[in-house]
>>> print(open('structure-v9.cif').read())   # mmCIF, C-alpha atoms
data_model
loop_
_atom_site.group_PDB
_atom_site.id
_atom_site.type_symbol
_atom_site.label_atom_id
_atom_site.label_comp_id
_atom_site.auth_asym_id
_atom_site.auth_seq_id
_atom_site.Cartn_x
_atom_site.Cartn_y
_atom_site.Cartn_z
ATOM 1 C CA MET D 1 0.000 0.000 0.000
ATOM 2 C CA ASN D 2 1.369 3.355 -0.967
ATOM 3 C CA ARG D 3 1.704 5.942 1.676
ATOM 4 C CA LEU D 4 -0.779 8.783 1.411
ATOM 5 C CA LYS D 5 0.646 12.179 0.701
ATOM 6 C CA ASP D 6 1.334 14.255 3.780
ATOM 7 C CA LYS D 7 -1.105 16.958 2.640
ATOM 8 C CA LYS D 8 -3.932 14.440 2.368
ATOM 9 C CA LEU D 9 -3.059 13.091 5.796
ATOM 10 C CA LEU D 10 -3.147 16.585 7.241
ATOM 11 C CA ILE D 11 -6.594 17.131 5.713
ATOM 12 C CA LEU D 12 -7.750 13.799 7.161
ATOM 13 C CA ALA D 13 -6.366 14.679 10.596
ATOM 14 C CA GLY D 14 -7.967 18.138 10.320
ATOM 15 C CA ILE D 15 -11.356 16.579 9.580
ATOM 16 C CA GLY D 16 -10.893 14.287 12.587
ATOM 17 C CA ILE D 17 -10.017 17.176 14.903
ATOM 18 C CA ALA D 18 -12.987 19.176 13.556
ATOM 19 C CA PHE D 19 -15.312 16.232 14.225
ATOM 20 C CA TYR D 20 -13.861 15.740 17.679
ATOM 21 C CA LEU D 21 -14.077 19.378 18.731
ATOM 22 C CA GLY D 22 -17.403 19.883 16.949
ATOM 23 C CA GLY D 23 -18.968 17.122 19.012
ATOM 24 C CA ILE D 24 -18.205 18.787 22.351
ATOM 25 C CA PRO D 25 -20.682 21.722 22.109
ATOM 26 C CA LEU D 26 -23.350 19.345 20.810
ATOM 27 C CA ILE D 27 -22.967 17.158 23.888
ATOM 28 C CA TYR D 28 -23.656 20.127 26.142
ATOM 29 C CA SER D 29 -26.381 21.627 23.922
ATOM 30 C CA GLY D 30 -29.232 19.714 25.537
ATOM 31 C CA GLY D 31 -30.063 17.057 28.076
ATOM 32 C CA PRO D 32 -28.077 13.861 28.340
ATOM 33 C CA GLN D 33 -30.513 11.799 26.270
ATOM 34 C CA THR D 34 -31.297 14.200 23.453
ATOM 35 C CA LEU D 35 -30.586 13.379 19.837
ATOM 36 C CA TRP D 36 -27.994 16.162 19.567
ATOM 37 C CA CYS D 37 -26.141 14.907 22.596
ATOM 38 C CA ARG D 38 -25.887 11.424 21.151
ATOM 39 C CA PHE D 39 -24.909 12.834 17.791
ATOM 40 C CA GLY D 40 -22.161 14.814 19.549
ATOM 41 C CA ILE D 41 -20.837 11.666 21.214
ATOM 42 C CA PHE D 42 -20.785 9.837 17.896
ATOM 43 C CA MET D 43 -19.028 12.794 16.287
ATOM 44 C CA GLY D 44 -16.390 12.695 19.006
ATOM 45 C CA MET D 45 -15.862 8.966 18.548
ATOM 46 C CA ALA D 46 -15.731 9.300 14.767
ATOM 47 C CA GLY D 47 -13.265 12.183 15.109
ATOM 48 C CA GLY D 48 -11.044 10.119 17.395
ATOM 49 C CA ALA D 49 -11.156 7.226 14.932
ATOM 50 C CA ILE D 50 -10.231 9.501 12.004
ATOM 51 C CA ILE D 51 -7.320 11.045 13.949
ATOM 52 C CA GLY D 52 -6.145 7.549 14.899
ATOM 53 C CA THR D 53 -6.380 6.397 11.283
ATOM 54 C CA ALA D 54 -4.374 9.395 10.064
ATOM 55 C CA LEU D 55 -1.687 8.785 12.675
ATOM 56 C CA SER D 56 -1.575 5.063 11.892
ATOM 57 C CA ILE D 57 -1.148 5.706 8.171
ATOM 58 C CA HIS D 58 1.529 8.282 8.848
ATOM 59 C CA PHE D 59 3.603 6.085 11.120
ATOM 60 C CA PHE D 60 2.930 2.591 9.759
ATOM 61 C CA TYR D 61 3.006 3.122 5.993
ATOM 62 C CA ARG D 62 6.103 5.233 5.656
ATOM 63 C CA PRO D 63 8.576 3.824 3.116
ATOM 64 C CA GLN D 64 11.098 1.527 4.736
ATOM 65 C CA THR D 65 14.578 2.786 4.011
ATOM 66 C CA ALA D 66 17.681 1.467 5.671
ATOM 67 C CA CYS D 67 19.164 4.366 7.547
ATOM 68 C CA LYS D 68 22.413 4.681 9.403
ATOM 69 C CA PRO D 69 22.134 4.026 13.140
ATOM 70 C CA LEU D 70 22.623 7.223 15.084
ATOM 71 C CA GLU D 71 23.217 7.701 18.789
ATOM 72 C CA ASN D 72 20.079 9.764 19.310
ATOM 73 C CA ASN D 73 17.739 7.551 17.272
ATOM 74 C CA LEU D 74 16.596 5.473 20.237
ATOM 75 C CA LYS D 75 16.105 8.493 22.468
ATOM 76 C CA ARG D 76 14.277 10.374 19.734
ATOM 77 C CA LYS D 77 12.063 7.378 19.101
ATOM 78 C CA ALA D 78 11.294 7.044 22.822
ATOM 79 C CA TRP D 79 10.280 10.723 23.067
ATOM 80 C CA LYS D 80 8.131 10.408 19.947
ATOM 81 C CA ASP D 81 6.441 7.261 21.285
ATOM 82 C CA LEU D 82 5.813 8.951 24.613
ATOM 83 C CA ALA D 83 4.258 12.022 22.965
ATOM 84 C CA ILE D 84 2.013 9.960 20.680
ATOM 85 C CA ARG D 85 0.867 7.716 23.505
ATOM 86 C CA LEU D 86 0.144 10.613 25.841
ATOM 87 C CA CYS D 87 -1.884 12.325 23.082
ATOM 88 C CA SER D 88 -3.775 9.066 22.469
ATOM 89 C CA LEU D 89 -4.407 8.791 26.207
ATOM 90 C CA ILE D 90 -5.884 12.298 26.334
ATOM 91 C CA VAL D 91 -8.072 11.764 23.256
ATOM 92 C CA GLY D 92 -9.132 8.258 24.323
ATOM 93 C CA GLY D 93 -9.691 9.307 27.929
ATOM 94 C CA LEU D 94 -11.848 12.279 26.960
ATOM 95 C CA SER D 95 -13.898 10.113 24.564
ATOM 96 C CA PHE D 96 -14.424 7.528 27.237
ATOM 97 C CA TYR D 97 -15.292 10.177 29.837
ATOM 98 C CA PHE D 98 -17.950 11.696 27.605
ATOM 99 C CA LEU D 99 -19.287 8.259 26.836
ATOM 100 C CA ILE D 100 -19.564 7.282 30.488
ATOM 101 C CA ILE D 101 -21.199 10.460 31.772
ATOM 102 C CA HIS D 102 -23.810 10.302 29.005
ATOM 103 C CA SER D 103 -24.547 6.603 29.141
ATOM 104 C CA ASP D 104 -27.639 6.737 31.373
ATOM 105 C CA SER D 105 -29.972 4.868 29.069
ATOM 106 C CA ASP D 106 -30.025 1.080 29.284
ATOM 107 C CA ILE D 107 -30.162 0.669 25.508
ATOM 108 C CA PHE D 108 -27.291 3.083 25.058
ATOM 109 C CA GLU D 109 -25.152 1.249 27.570
ATOM 110 C CA ALA D 110 -26.055 -2.192 26.292
ATOM 111 C CA VAL D 111 -25.452 -1.506 22.619
ATOM 112 C CA ILE D 112 -22.771 1.165 22.445
ATOM 113 C CA ALA D 113 -20.599 -0.103 25.288
ATOM 114 C CA ARG D 114 -20.579 -3.593 23.826
ATOM 115 C CA VAL D 115 -19.726 -2.280 20.384
ATOM 116 C CA ILE D 116 -16.849 -0.302 21.905
ATOM 117 C CA MET D 117 -15.696 -3.317 23.894
ATOM 118 C CA VAL D 118 -15.595 -5.533 20.799
ATOM 119 C CA ALA D 119 -13.945 -2.800 18.736
ATOM 120 C CA GLY D 120 -11.417 -2.219 21.513
ATOM 121 C CA ALA D 121 -10.579 -5.919 21.676
ATOM 122 C CA ILE D 122 -10.118 -6.034 17.900
ATOM 123 C CA ILE D 123 -7.905 -2.925 17.957
ATOM 124 C CA VAL D 124 -5.741 -4.349 20.770
ATOM 125 C CA GLY D 125 -5.480 -7.677 18.913
ATOM 126 C CA VAL D 126 -4.525 -6.041 15.633
ATOM 127 C CA TRP D 127 -2.068 -3.750 17.440
ATOM 128 C CA VAL D 128 -0.331 -6.691 19.081
ATOM 129 C CA ALA D 129 -0.309 -8.843 15.935
ATOM 130 C CA VAL D 130 0.889 -6.039 13.694
ATOM 131 C CA GLY D 131 3.482 -4.981 16.235
ATOM 132 C CA GLN D 132 4.825 -8.494 16.603
ATOM 133 C CA PHE D 133 4.910 -9.717 13.049
ATOM 134 C CA VAL D 134 4.890 -6.820 10.649
ATOM 135 C CA MET D 135 6.064 -3.651 12.317
ATOM 136 C CA LYS D 136 9.109 -4.969 14.132
ATOM 137 C CA LYS D 137 11.546 -4.420 11.271
ATOM 138 C CA ARG D 138 10.114 -1.011 10.527
ATOM 139 C CA ILE D 139 10.149 0.090 14.159
ATOM 140 C CA LEU D 140 13.703 -1.066 14.734
ATOM 141 C CA ASN D 141 14.993 0.474 11.520
ATOM 142 C CA GLY D 142 17.732 2.999 12.271
ATOM 143 C CA LEU D 143 18.763 1.331 15.522
ATOM 144 C CA ASP D 144 21.907 -0.721 15.953
ATOM 145 C CA GLU D 145 21.919 -4.124 17.662
ATOM 146 C CA ARG D 146 22.564 -2.810 21.190
ATOM 147 C CA GLN D 147 19.780 -0.253 20.848
ATOM 148 C CA ARG D 148 17.479 -3.001 19.589
ATOM 149 C CA VAL D 149 18.314 -5.076 22.662
ATOM 150 C CA MET D 150 17.516 -2.061 24.859
ATOM 151 C CA TYR D 151 14.227 -1.537 23.008
ATOM 152 C CA GLU D 152 13.240 -5.206 23.331
ATOM 153 C CA LYS D 153 14.221 -5.309 27.000
ATOM 154 C CA ALA D 154 12.127 -2.233 27.746
ATOM 155 C CA LYS D 155 9.227 -3.833 25.862
ATOM 156 C CA MET D 156 9.602 -6.979 27.931
ATOM 157 C CA ILE D 157 9.552 -4.980 31.176
ATOM 158 C CA SER D 158 6.500 -2.971 30.124
ATOM 159 C CA ASP D 159 4.704 -6.176 29.080
ATOM 160 C CA SER D 160 5.501 -7.653 32.496
ATOM 161 C CA ILE D 161 4.123 -4.517 34.164
ATOM 162 C CA PHE D 162 0.939 -4.893 32.122
ATOM 163 C CA GLY D 163 0.649 -8.598 32.964
ATOM 164 C CA GLY D 164 1.210 -8.032 36.682
ATOM 165 C CA LEU D 165 -1.206 -5.127 36.904
ATOM 166 C CA TRP D 166 -3.793 -6.998 34.816
ATOM 167 C CA VAL D 167 -3.761 -9.945 37.203
ATOM 168 C CA ALA D 168 -3.914 -7.617 40.228
ATOM 169 C CA GLY D 169 -6.674 -5.573 38.586
ATOM 170 C CA LEU D 170 -8.718 -8.637 37.722
ATOM 171 C CA MET D 171 -8.380 -9.956 41.261
ATOM 172 C CA GLY D 172 -9.513 -6.605 42.602
ATOM 173 C CA LEU D 173 -12.375 -6.483 40.137
ATOM 174 C CA TRP D 174 -13.368 -10.004 41.065
ATOM 175 C CA GLY D 175 -13.475 -9.017 44.733
ATOM 176 C CA TRP D 176 -15.519 -5.956 43.870
ATOM 177 C CA LEU D 177 -17.903 -7.964 41.689
ATOM 178 C CA GLY D 178 -18.455 -10.340 44.584
ATOM 179 C CA LEU D 179 -19.726 -7.464 46.689
ATOM 180 C CA LYS D 180 -21.925 -5.817 44.096
ATOM 181 C CA THR D 181 -24.961 -7.122 42.301
ATOM 182 C CA SER D 182 -24.364 -5.045 39.197
ATOM 183 C CA VAL D 183 -21.227 -3.490 37.831
ATOM 184 C CA PRO D 184 -21.196 -0.986 34.973
ATOM 185 C CA ILE D 185 -20.119 -2.595 31.723
ATOM 186 C CA PHE D 186 -17.379 -0.035 31.160
ATOM 187 C CA VAL D 187 -15.414 -0.992 34.290
ATOM 188 C CA PRO D 188 -13.492 -4.002 32.857
ATOM 189 C CA VAL D 189 -13.041 -2.127 29.565
ATOM 190 C CA LEU D 190 -11.683 0.873 31.442
ATOM 191 C CA LEU D 191 -9.354 -1.395 33.410
ATOM 192 C CA LEU D 192 -7.998 -3.011 30.240
ATOM 193 C CA ILE D 193 -7.541 0.294 28.427
ATOM 194 C CA GLY D 194 -6.011 1.987 31.463
ATOM 195 C CA LEU D 195 -3.503 -0.776 32.077
ATOM 196 C CA GLY D 196 -2.709 -0.929 28.369
ATOM 197 C CA PHE D 197 -1.835 2.745 28.402
ATOM 198 C CA ILE D 198 0.260 2.397 31.564
ATOM 199 C CA ALA D 199 2.243 -0.359 29.838
ATOM 200 C CA GLU D 200 2.521 1.620 26.601
ATOM 201 C CA ILE D 201 3.731 4.746 28.409
ATOM 202 C CA SER D 202 6.132 2.835 30.650
ATOM 203 C CA HIS D 203 7.912 1.443 27.547
ATOM 204 C CA PRO D 204 9.399 4.737 26.267
ATOM 205 C CA LEU D 205 9.982 5.884 29.851
ATOM 206 C CA ILE D 206 12.128 2.805 30.558
ATOM 207 C CA ILE D 207 14.134 3.470 27.375
ATOM 208 C CA LEU D 208 14.692 7.090 28.407
ATOM 209 C CA ILE D 209 15.864 6.005 31.880
ATOM 210 C CA GLN D 210 18.285 3.528 30.281
ATOM 211 C CA CYS D 211 19.613 6.247 27.957
ATOM 212 C CA LYS D 212 20.108 8.609 30.895
ATOM 213 C CA ARG D 213 21.975 5.934 32.856
ATOM 214 C CA GLU D 214 24.304 5.399 29.922
ATOM 215 C CA GLN D 215 25.162 9.071 29.731
ATOM 216 C CA LYS D 216 26.387 9.086 33.344
ATOM 217 C CA MET Q 1 27.638 -23.055 35.170
ATOM 218 C CA SER Q 2 30.870 -21.080 35.107
ATOM 219 C CA SER Q 3 30.715 -17.299 34.951
ATOM 220 C CA GLU Q 4 32.630 -16.294 31.848
ATOM 221 C CA ALA Q 5 33.154 -12.693 30.931
ATOM 222 C CA LEU Q 6 33.988 -11.482 27.455
ATOM 223 C CA THR Q 7 37.060 -9.270 27.414
ATOM 224 C CA ASN Q 8 38.541 -7.501 24.430
ATOM 225 C CA ASN Q 9 41.577 -5.635 23.130
ATOM 226 C CA ILE Q 10 39.674 -3.055 21.159
ATOM 227 C CA ARG Q 11 41.210 -0.087 22.941
ATOM 228 C CA ARG Q 12 44.757 -1.281 22.311
ATOM 229 C CA LEU Q 13 43.966 -2.283 18.723
ATOM 230 C CA ARG Q 14 42.496 1.148 18.030
ATOM 231 C CA PHE Q 15 45.699 2.821 19.127
ATOM 232 C CA ASP Q 16 47.761 0.326 17.159
ATOM 233 C CA ALA Q 17 45.710 1.176 14.096
ATOM 234 C CA GLY Q 18 46.901 4.779 14.023
ATOM 235 C CA GLU Q 19 44.837 6.012 16.959
ATOM 236 C CA MET Q 20 41.564 5.110 15.312
ATOM 237 C CA THR Q 21 38.705 6.944 17.055
ATOM 238 C CA GLN Q 22 35.652 5.199 18.440
ATOM 239 C CA GLN Q 23 33.533 7.032 15.881
ATOM 240 C CA GLU Q 24 35.684 5.752 13.022
ATOM 241 C CA LEU Q 25 35.359 2.199 14.280
ATOM 242 C CA ALA Q 26 31.616 2.704 14.724
ATOM 243 C CA ASP Q 27 31.313 3.928 11.129
ATOM 244 C CA LYS Q 28 33.323 0.966 9.832
ATOM 245 C CA THR Q 29 31.171 -1.569 11.699
ATOM 246 C CA GLY Q 30 27.790 0.107 11.184
ATOM 247 C CA VAL Q 31 26.898 0.752 14.808
ATOM 248 C CA THR Q 32 26.778 3.805 17.065
ATOM 249 C CA ARG Q 33 29.724 5.169 19.027
ATOM 250 C CA GLN Q 34 27.828 4.375 22.246
ATOM 251 C CA THR Q 35 27.803 0.712 21.267
ATOM 252 C CA ILE Q 36 31.555 0.719 20.677
ATOM 253 C CA ILE Q 37 32.042 2.357 24.091
ATOM 254 C CA ALA Q 38 29.806 -0.259 25.736
ATOM 255 C CA ILE Q 39 31.692 -3.118 24.043
ATOM 256 C CA GLU Q 40 35.077 -1.632 24.914
ATOM 257 C CA GLN Q 41 34.096 -1.309 28.561
ATOM 258 C CA GLY Q 42 32.717 -4.870 28.594
ATOM 259 C CA ARG Q 43 29.163 -3.684 29.337
ATOM 260 C CA TYR Q 44 27.775 -5.217 26.162
ATOM 261 C CA ALA Q 45 28.669 -8.502 24.483
ATOM 262 C CA PRO Q 46 28.345 -8.066 20.711
ATOM 263 C CA SER Q 47 26.619 -10.516 18.422
ATOM 264 C CA LEU Q 48 28.804 -12.804 16.328
ATOM 265 C CA PRO Q 49 28.320 -10.814 13.083
ATOM 266 C CA LEU Q 50 29.299 -7.585 14.848
ATOM 267 C CA ALA Q 51 32.306 -9.256 16.512
ATOM 268 C CA ILE Q 52 33.440 -10.427 13.066
ATOM 269 C CA ARG Q 53 32.965 -6.930 11.605
ATOM 270 C CA ILE Q 54 35.008 -5.415 14.436
ATOM 271 C CA ALA Q 55 37.772 -7.985 13.962
ATOM 272 C CA ARG Q 56 37.801 -7.324 10.204
ATOM 273 C CA ALA Q 57 38.087 -3.582 10.834
ATOM 274 C CA PHE Q 58 41.438 -4.297 12.515
ATOM 275 C CA GLY Q 59 42.448 -7.064 10.100
ATOM 276 C CA LYS Q 60 42.434 -9.609 12.924
ATOM 277 C CA THR Q 61 40.524 -12.772 13.792
ATOM 278 C CA VAL Q 62 37.672 -12.691 16.298
ATOM 279 C CA GLU Q 63 39.735 -14.522 18.907
ATOM 280 C CA GLU Q 64 42.525 -11.983 18.634
ATOM 281 C CA VAL Q 65 40.058 -9.256 19.537
ATOM 282 C CA PHE Q 66 37.742 -11.023 21.982
ATOM 283 C CA GLN Q 67 38.679 -13.483 24.723
ATOM 284 C CA LEU Q 68 36.725 -15.416 27.305
ATOM 285 C CA ALA Q 69 37.973 -14.668 30.820
ATOM 286 C CA GLU Q 70 36.892 -17.197 33.430
#
>>> encode(input="structure-v9.cif", output="structure tokens")
Amino acid sequence: MNRLKDKKLLILAGIGIAFYLGGIPLIYSGGPQTLWCRFGIFMGMAGGAIIGTALSIHFFYRPQTACKPLENNLKRKAWKDLAIRLCSLIVGGLSFYFLIIHSDSDIFEAVIARVIMVAGAIIVGVWVAVGQFVMKKRILNGLDERQRVMYEKAKMISDSIFGGLWVAGLMGLWGWLGLKTSVPIFVPVLLLIGLGFIAEISHPLIILIQCKREQK
Amino acid sequence: MSSEALTNNIRRLRFDAGEMTQQELADKTGVTRQTIIAIEQGRYAPSLPLAIRIARAFGKTVEEVFQLAE
């Protein structure tokens, strides 16, 4: 697949941002269950999806060229990863917040939350599969073998953090479920997404700590 | 299992090769200067292909550059 031109990507990202920001006033224009409010939520979600698509195309479909390993490549990559993941966290968190505070209706919760849960699971699955089998070469391009080892080690640590927190979170959730008769559907989804982001953010942070240690 | 550390003569070989800088060696072997520093200090054990490239940069065999110290 050819990479889209940068200008087209910018237009796509612009449309996404417009959708996302345009949805916010609609959400507050009426009551929580009005048509406009729901339309605003959908606009926000669509905007987030468009922004995500534009970012994915930009970062995943760039032409793969062998470049010379440079000392700052790993550090630069870690900062870039951190920035992208923090931005995703803000956009995703805001979307989820708006969704939760406006999900009073049973139908809304039952249908939309399940759709999001399934979509989220698919996205996480694709992310992991793509990351493992397709993107590895592209991601590690421009790094020498020691930097690759550092990158992989940091990934391993962040995966372990995710695994440990996931088990602890599930145990906690299980205990909580035992005490309550009903638990909002978004709680396990929120737990999974939250822990995923902690793991994703801890990865570049670990790399940056390693780089700083080396400089001493 | 015995604890074996990989030692090397890179520093001496660099000076023997007309005071070759770490950057020059890094450029010849296709890695970063930080990696050469880490290998020289024994903080990082290079892969076999990289060890061969380093040895070739000095015109030596791998065993003349790297040794196992028990």
>>> resolve_selection(input="structure-v9.cif", expression="the PyMOL selection byres ((chain Q) within 12 of (chain D))", output="compact mmCIF listing (two decimals) with C-alpha atoms, in the frame of the given file")
# COMPACT_ATOMS: atom_id res chain seq x y z
CA GLN Q 23 33.53 7.03 15.88
CA ALA Q 26 31.62 2.70 14.72
CA ASP Q 27 31.31 3.93 11.13
CA LYS Q 28 33.32 0.97 9.83
CA THR Q 29 31.17 -1.57 11.70
CA GLY Q 30 27.79 0.11 11.18
CA VAL Q 31 26.90 0.75 14.81
CA THR Q 32 26.78 3.80 17.07
CA ARG Q 33 29.72 5.17 19.03
CA GLN Q 34 27.83 4.38 22.25
CA THR Q 35 27.80 0.71 21.27
CA ILE Q 36 31.56 0.72 20.68
CA ILE Q 37 32.04 2.36 24.09
CA ALA Q 38 29.81 -0.26 25.74
CA ILE Q 39 31.69 -3.12 24.04
CA GLN Q 41 34.10 -1.31 28.56
CA ARG Q 43 29.16 -3.68 29.34
CA TYR Q 44 27.78 -5.22 26.16
CA ALA Q 45 28.67 -8.50 24.48
CA PRO Q 46 28.34 -8.07 20.71
CA SER Q 47 26.62 -10.52 18.42
CA LEU Q 48 28.80 -12.80 16.33
CA PRO Q 49 28.32 -10.81 13.08
CA LEU Q 50 29.30 -7.58 14.85
CA ALA Q 51 32.31 -9.26 16.51
>>> axis_aligned_box(input="structure-v9.cif", around="region 61-69 of chain Q", padding_each_side="8 Å", output="JSON")
{"center_x": 39.6, "center_y": -12.3, "center_z": 22.3, "size_x": 21.8, "size_y": 22.2, "size_z": 33.0}
>>> residues_near_point(input="structure-v9.cif", point="(41.7, -9.7, 20.2)", cutoff="9 Å", atoms="only C-alpha atoms", output="list of chain:residue names")
Q:Thr7, Q:Asn8, Q:Asn9, Q:Ile10, Q:Leu13, Q:Ala55, Q:Lys60, Q:Thr61, Q:Val62, Q:Glu63, Q:Glu64, Q:Val65, Q:Phe66, Q:Gln67
>>> atom_distance(input="structure-v9.cif", atom1="CA of Gly16 (chain D)", atom2="CA of Phe197 (chain D)")
21.6 Å
>>> closest_residue(input="structure-v9.cif", among="D:Arg148, D:Lys155, D:Leu55, D:Leu140", to="Arg85 (chain D)", atoms="only C-alpha atoms")
D:Leu55
>>> atom_distance(input="structure-v9.cif", atom1="CA of Ile157 (chain D)", atom2="CA of Ala78 (chain D)")
14.7 Å
